[in-house]
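Participant: Please see the structure below; I have some questions.
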Amino acid sequence: MLRRTLSALAVVFALAATTGTAAATTGTATTGKAPAADGRGARVLDVMTFNIHHAQGTDDVLDVPRIADVVRRSGADVVGLQEVDNHYSARSDWADQAADLAKLLGYHVVFGANIDNAPPAGSDHRIQYGTAILSRYPITASDNTWLYKSPGQEQRGLLHATLNVRGKAVQFYCTHLAASSQTDRLQQTPQIVDLIGDKEPAVLVGDFNALPTAPESQPLQSRYTDAWALSAHGRGDGATYPAEAPTERIDAIYTTGDVKPLVTRVVQADPTASDHLPLVSKVLVTP
């Protein structure tokens with residue numbers, strides 16, 4: 001209870017400092033003055049990154065509702081998902097997992113296909129695998145850009161969605177970098193920086209398959225704010241993989257200058273849901 005109260009107070013103080021408006025509290029943080037219809041005023045968002053391993057948990061059970069429950073319980077407003085199947089194979093019952101999760105949560109959704117193959121015989125659905133963005137707020141535009149791939153490596157991409165957060169456009173990006181090729185990751189991270197460019201405000205989330213100290217992480221570390229490094233909450237080192245005994249901080253949330261991470265935490269509500277734990281950051285989007 002003490003940690004929750006301190007976290008709430010941190011949000012209130014940050015909002016008051018940024019907006020100049022005193023925020024009242026009755027046990028939970030508030031956003032103070034409601035933002036104007038023209039997009040002025042600060043917004044607070046809970047953003048998540050979650051590699052869902054096509055909803056197959058560490059118990060080998062395929063369970064999309066379990067993934068939805070983890071997201072719901074976290075309170076996340078916007079979620080970047082990696083390893084999402086879309087009519088991919090029998091391993092996920094040929095389901096459109098992004099659409100199913102959006103329906104269970106009542107969220108808007110976009111999907112980025114990085115593997116995109118022709119439909120199997122007797123089906124109209126393409127065989128797809130990639131990333132997805134779930135959002136409590138409307139998605140007004142989206143695109144998916146394939147990243148550098150050397151021969152024999154799996155195609156990866158950068159999924160981008162423009163969110164309408166109570167009248168303000170927020171750019172949200174989700175990626176999943178090469179798992180087995182540092183050579184590819186060394187090409188992919190500067191490519192991501194170029195693709196995001198000077199867009200503000202923006203949040204980048206993903207499974208980067210590299211520690212923050214790795215050479216391939218440095219283009220991101222030097223350009224953006226590492227939410228965990230700035231605003232870690234609770235014990236631990238931010239490790240998210242493997243889920244049941246995490247030792248590697250390879251899932252991360254990065255923000256641009258107009259987005260300030262307030263509180264960042266590893267979500268440990270259900271370590272069996274996937275082979276990764278989700279990471280959530282409460283961020284302040286400034287006017």
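We label chains A, B, ... in the order they appear in the structure tokens, count residues from 1 in each chain, and number ligands from 1 in the order shown.
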So that each row is one residue of range 50-120 of chain A with an atom at most 8 Å from range 152-166 of chain A, can you give its shortest atom pair and the distance in Å to one decimal, using only C-alpha atoms, rows by chain and rising number, as a Markdown table?
Facilitator:
```
| residue | atom | partner | partner_atom | distance |
| --- | --- | --- | --- | --- |
| A:Val110 | CA | A:Ala161 | CA | 7.6 |
| A:Phe111 | CA | A:Leu159 | CA | 7.7 |
| A:Gly112 | CA | A:Leu159 | CA | 5.8 |
| A:Asn114 | CA | A:Arg156 | CA | 5.6 |
| A:Ile115 | CA | A:Gln155 | CA | 6.5 |
```
Participant: For those residues, write N, CA and C atoms to a file as a compact mmCIF listing (two decimals), in the first residue's frame.
Facilitator:
```
# COMPACT_ATOMS: atom_id res chain seq x y z
N VAL A 110 -4.00 -2.81 -34.57
CA VAL A 110 -3.38 -2.93 -35.89
C VAL A 110 -2.36 -4.07 -35.81
N PHE A 111 -2.16 -4.73 -36.93
CA PHE A 111 -1.25 -5.87 -37.00
C PHE A 111 -0.22 -5.62 -38.09
N GLY A 112 1.03 -6.00 -37.81
CA GLY A 112 2.09 -5.88 -38.80
C GLY A 112 2.63 -7.24 -39.17
N ASN A 114 5.19 -9.63 -40.64
CA ASN A 114 6.59 -9.70 -41.07
C ASN A 114 6.89 -11.01 -41.78
N ILE A 115 6.15 -12.04 -41.46
CA ILE A 115 6.06 -13.24 -42.29
C ILE A 115 4.69 -13.19 -42.95
```
Participant: Using DSSP assignments from the backbone, pull out every residue in range 24-269 of chain A that falls under strand (DSSP E or B) and give it to me as a VMD selection string.
Facilitator: chain A and resid 43 to 51 56 62 78 to 86 96 108 to 117 127 to 135 139 to 146 157 to 165 168 to 176 202 to 207 225 to 226 232 241 248 251 to 255 259 to 266
Participant: Go ahead and save the picked residues with C-alpha atoms, as a PDB file, in the first residue's frame.
Facilitator:
```
ATOM      1  CA  ARG A  43      -1.763  13.157 -20.823  1.00  0.00           C
ATOM      2  CA  VAL A  44      -0.790  10.151 -18.737  1.00  0.00           C
ATOM      3  CA  LEU A  45      -0.587   6.799 -20.508  1.00  0.00           C
ATOM      4  CA  ASP A  46       0.262   3.310 -19.301  1.00  0.00           C
ATOM      5  CA  VAL A  47       2.258   1.684 -22.104  1.00  0.00           C
ATOM      6  CA  MET A  48       3.284  -1.967 -22.276  1.00  0.00           C
ATOM      7  CA  THR A  49       5.563  -4.218 -24.263  1.00  0.00           C
ATOM      8  CA  PHE A  50       4.767  -7.944 -24.226  1.00  0.00           C
ATOM      9  CA  ASN A  51       6.237 -10.799 -26.230  1.00  0.00           C
ATOM     10  CA  GLN A  56       1.578 -20.421 -25.665  1.00  0.00           C
ATOM     11  CA  LEU A  62      -2.327 -22.113 -25.740  1.00  0.00           C
ATOM     12  CA  VAL A  78      -1.462   0.895 -25.230  1.00  0.00           C
ATOM     13  CA  VAL A  79       0.324  -2.409 -25.786  1.00  0.00           C
ATOM     14  CA  GLY A  80       2.999  -3.449 -28.260  1.00  0.00           C
ATOM     15  CA  LEU A  81       2.869  -7.213 -28.811  1.00  0.00           C
ATOM     16  CA  GLN A  82       5.511  -9.418 -30.385  1.00  0.00           C
ATOM     17  CA  GLU A  83       5.269 -12.985 -31.741  1.00  0.00           C
ATOM     18  CA  VAL A  84       1.639 -12.696 -32.784  1.00  0.00           C
ATOM     19  CA  ASP A  85       0.058 -15.300 -35.101  1.00  0.00           C
ATOM     20  CA  ASN A  86      -2.524 -14.425 -37.742  1.00  0.00           C
ATOM     21  CA  ASP A  96      -6.269 -14.118 -35.809  1.00  0.00           C
ATOM     22  CA  HIS A 108      -8.459  -0.849 -31.178  1.00  0.00           C
ATOM     23  CA  VAL A 109      -5.836  -2.907 -33.001  1.00  0.00           C
ATOM     24  CA  VAL A 110      -3.377  -2.934 -35.894  1.00  0.00           C
ATOM     25  CA  PHE A 111      -1.252  -5.873 -36.995  1.00  0.00           C
ATOM     26  CA  GLY A 112       2.087  -5.876 -38.803  1.00  0.00           C
ATOM     27  CA  ALA A 113       2.863  -8.984 -40.855  1.00  0.00           C
ATOM     28  CA  ASN A 114       6.592  -9.698 -41.065  1.00  0.00           C
ATOM     29  CA  ILE A 115       6.063 -13.236 -42.290  1.00  0.00           C
ATOM     30  CA  ASP A 116       3.389 -13.091 -44.991  1.00  0.00           C
ATOM     31  CA  ASN A 117       2.778 -16.197 -47.070  1.00  0.00           C
ATOM     32  CA  ILE A 127      -0.287 -17.128 -43.281  1.00  0.00           C
ATOM     33  CA  GLN A 128       1.079 -14.267 -41.189  1.00  0.00           C
ATOM     34  CA  TYR A 129       3.235 -13.687 -38.136  1.00  0.00           C
ATOM     35  CA  GLY A 130       4.487 -10.450 -36.642  1.00  0.00           C
ATOM     36  CA  THR A 131       3.668  -7.689 -34.197  1.00  0.00           C
ATOM     37  CA  ALA A 132       0.510  -5.885 -33.094  1.00  0.00           C
ATOM     38  CA  ILE A 133      -0.532  -2.729 -31.290  1.00  0.00           C
ATOM     39  CA  LEU A 134      -3.571  -2.691 -29.008  1.00  0.00           C
ATOM     40  CA  SER A 135      -4.892   0.699 -27.937  1.00  0.00           C
ATOM     41  CA  ILE A 139      -5.768   4.531 -34.067  1.00  0.00           C
ATOM     42  CA  THR A 140      -5.941   7.099 -36.853  1.00  0.00           C
ATOM     43  CA  ALA A 141      -3.119   5.778 -39.075  1.00  0.00           C
ATOM     44  CA  SER A 142      -0.688   2.881 -39.177  1.00  0.00           C
ATOM     45  CA  ASP A 143       2.100   1.339 -41.238  1.00  0.00           C
ATOM     46  CA  ASN A 144       4.580  -1.515 -40.984  1.00  0.00           C
ATOM     47  CA  THR A 145       8.116  -1.231 -42.362  1.00  0.00           C
ATOM     48  CA  TRP A 146      10.337  -4.260 -42.859  1.00  0.00           C
ATOM     49  CA  GLY A 157       9.630  -4.989 -38.836  1.00  0.00           C
ATOM     50  CA  LEU A 158       8.718  -1.702 -37.195  1.00  0.00           C
ATOM     51  CA  LEU A 159       4.965  -1.321 -36.668  1.00  0.00           C
ATOM     52  CA  HIS A 160       3.778   2.267 -36.251  1.00  0.00           C
ATOM     53  CA  ALA A 161       0.412   3.588 -35.094  1.00  0.00           C
ATOM     54  CA  THR A 162      -0.766   7.167 -34.647  1.00  0.00           C
ATOM     55  CA  LEU A 163      -3.035   7.354 -31.604  1.00  0.00           C
ATOM     56  CA  ASN A 164      -5.642   9.999 -30.875  1.00  0.00           C
ATOM     57  CA  VAL A 165      -5.206  10.436 -27.130  1.00  0.00           C
ATOM     58  CA  LYS A 168      -3.485  14.747 -29.148  1.00  0.00           C
ATOM     59  CA  ALA A 169      -1.587  12.673 -31.706  1.00  0.00           C
ATOM     60  CA  VAL A 170       0.862  10.255 -30.078  1.00  0.00           C
ATOM     61  CA  GLN A 171       3.198   8.111 -32.195  1.00  0.00           C
ATOM     62  CA  PHE A 172       3.585   4.528 -30.955  1.00  0.00           C
ATOM     63  CA  TYR A 173       6.074   2.016 -32.369  1.00  0.00           C
ATOM     64  CA  CYS A 174       6.498  -1.700 -31.774  1.00  0.00           C
ATOM     65  CA  THR A 175       9.344  -3.911 -32.937  1.00  0.00           C
ATOM     66  CA  HIS A 176      10.982  -7.305 -32.482  1.00  0.00           C
ATOM     67  CA  ALA A 202       6.661   9.078 -29.547  1.00  0.00           C
ATOM     68  CA  VAL A 203       7.036   5.798 -27.663  1.00  0.00           C
ATOM     69  CA  LEU A 204       9.026   2.816 -28.933  1.00  0.00           C
ATOM     70  CA  VAL A 205       8.531  -0.607 -27.356  1.00  0.00           C
ATOM     71  CA  GLY A 206       9.739  -4.057 -28.209  1.00  0.00           C
ATOM     72  CA  ASP A 207      11.715  -7.197 -27.715  1.00  0.00           C
ATOM     73  CA  THR A 225      15.032   7.769 -22.823  1.00  0.00           C
ATOM     74  CA  ASP A 226      15.195   4.224 -21.479  1.00  0.00           C
ATOM     75  CA  ALA A 232      12.357   1.740 -12.296  1.00  0.00           C
ATOM     76  CA  TYR A 241      13.289 -13.197 -19.901  1.00  0.00           C
ATOM     77  CA  GLU A 248      17.894 -10.715 -19.277  1.00  0.00           C
ATOM     78  CA  ASP A 251      12.299  -6.056 -23.493  1.00  0.00           C
ATOM     79  CA  ALA A 252      12.334  -2.278 -23.292  1.00  0.00           C
ATOM     80  CA  ILE A 253      10.330   0.932 -23.542  1.00  0.00           C
ATOM     81  CA  TYR A 254      11.944   4.040 -25.040  1.00  0.00           C
ATOM     82  CA  THR A 255      10.487   7.547 -25.187  1.00  0.00           C
ATOM     83  CA  VAL A 259       7.277  11.805 -23.156  1.00  0.00           C
ATOM     84  CA  LYS A 260       8.506  11.411 -19.574  1.00  0.00           C
ATOM     85  CA  PRO A 261       8.497   7.959 -17.925  1.00  0.00           C
ATOM     86  CA  LEU A 262       7.170   8.280 -14.372  1.00  0.00           C
ATOM     87  CA  VAL A 263       6.991   4.728 -13.054  1.00  0.00           C
ATOM     88  CA  THR A 264       8.210   1.595 -14.864  1.00  0.00           C
ATOM     89  CA  ARG A 265       7.708  -1.952 -13.634  1.00  0.00           C
ATOM     90  CA  VAL A 266       7.958  -5.570 -14.679  1.00  0.00           C
TER      91      VAL A 266
END
```
Participant: Taking only C-alpha atoms into account, name the residue in A:Val61, A:Asp93, A:Pro119, A:Asp258 that is nearest to Lys199 in chain A.
Facilitator: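 Of all the options, A:Asp258 lies closest to Lys199 in chain A.
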Participant: Taking the DSSP assignment computed from this structure's backbone, write out as a ChimeraX atom specification all residues of range 129-197 of chain A that belong to helix (DSSP H, G or I).
Facilitator: /A:182-196
Participant: Point out the residue among A:Ile196, A:Ala243, A:Pro65, A:Gln187 with the least atom-to-atom distance to Ala98 in chain A, counting only C-alpha atoms.
Facilitator: A:Pro65
Participant: Mind giving me the straight-line distance from CA of Pro242 in chain A to CA of His53 in chain A in Å, one decimal?
Facilitator: 11.6 Å
Participant: Which distance in Å separates CA of Lys282 in chain A and CA of Gly75 in chain A, to one decimal?
Facilitator: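 Atom-to-atom, CA of Lys282 in chain A and CA of Gly75 in chain A are spaced 9.9 Å apart.
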Participant: With only C-alpha atoms as the basis for distance, which of A:Tyr224, A:Lys149, A:Pro120, A:Gln191 is at the shortest distance from Ala90 in chain A?
Facilitator: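 Of A:Tyr224, A:Lys149, A:Pro120, A:Gln191, the one nearest Ala90 in chain A, counting only C-alpha atoms, is A:Pro120.
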Participant: Here is a test: counting only C-alpha atoms, which residue of A:Asp77, A:Asp69, A:Asp194, A:Asp60 is nearest to Ser281 in chain A?
Facilitator: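 Looking only at the distances to Ser281 in chain A, the closest residue turns out to be A:Asp77.
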Participant: Determine the nearest neighbour of Ala55 in chain A from the options A:Ser181, A:Thr240, A:Gln268, A:Asp100, counting only C-alpha atoms.
Facilitator: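 Residue with the minimum atom-to-atom distance to Ala55 in chain A: A:Asp100.
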Participant: Between A:Ser74, A:Ser92, A:Gln97, A:Gln188, single out the one closest to Pro215 in chain A, counting only C-alpha atoms.
Facilitator: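 Selected residue with least distance to Pro215 in chain A: A:Gln188.
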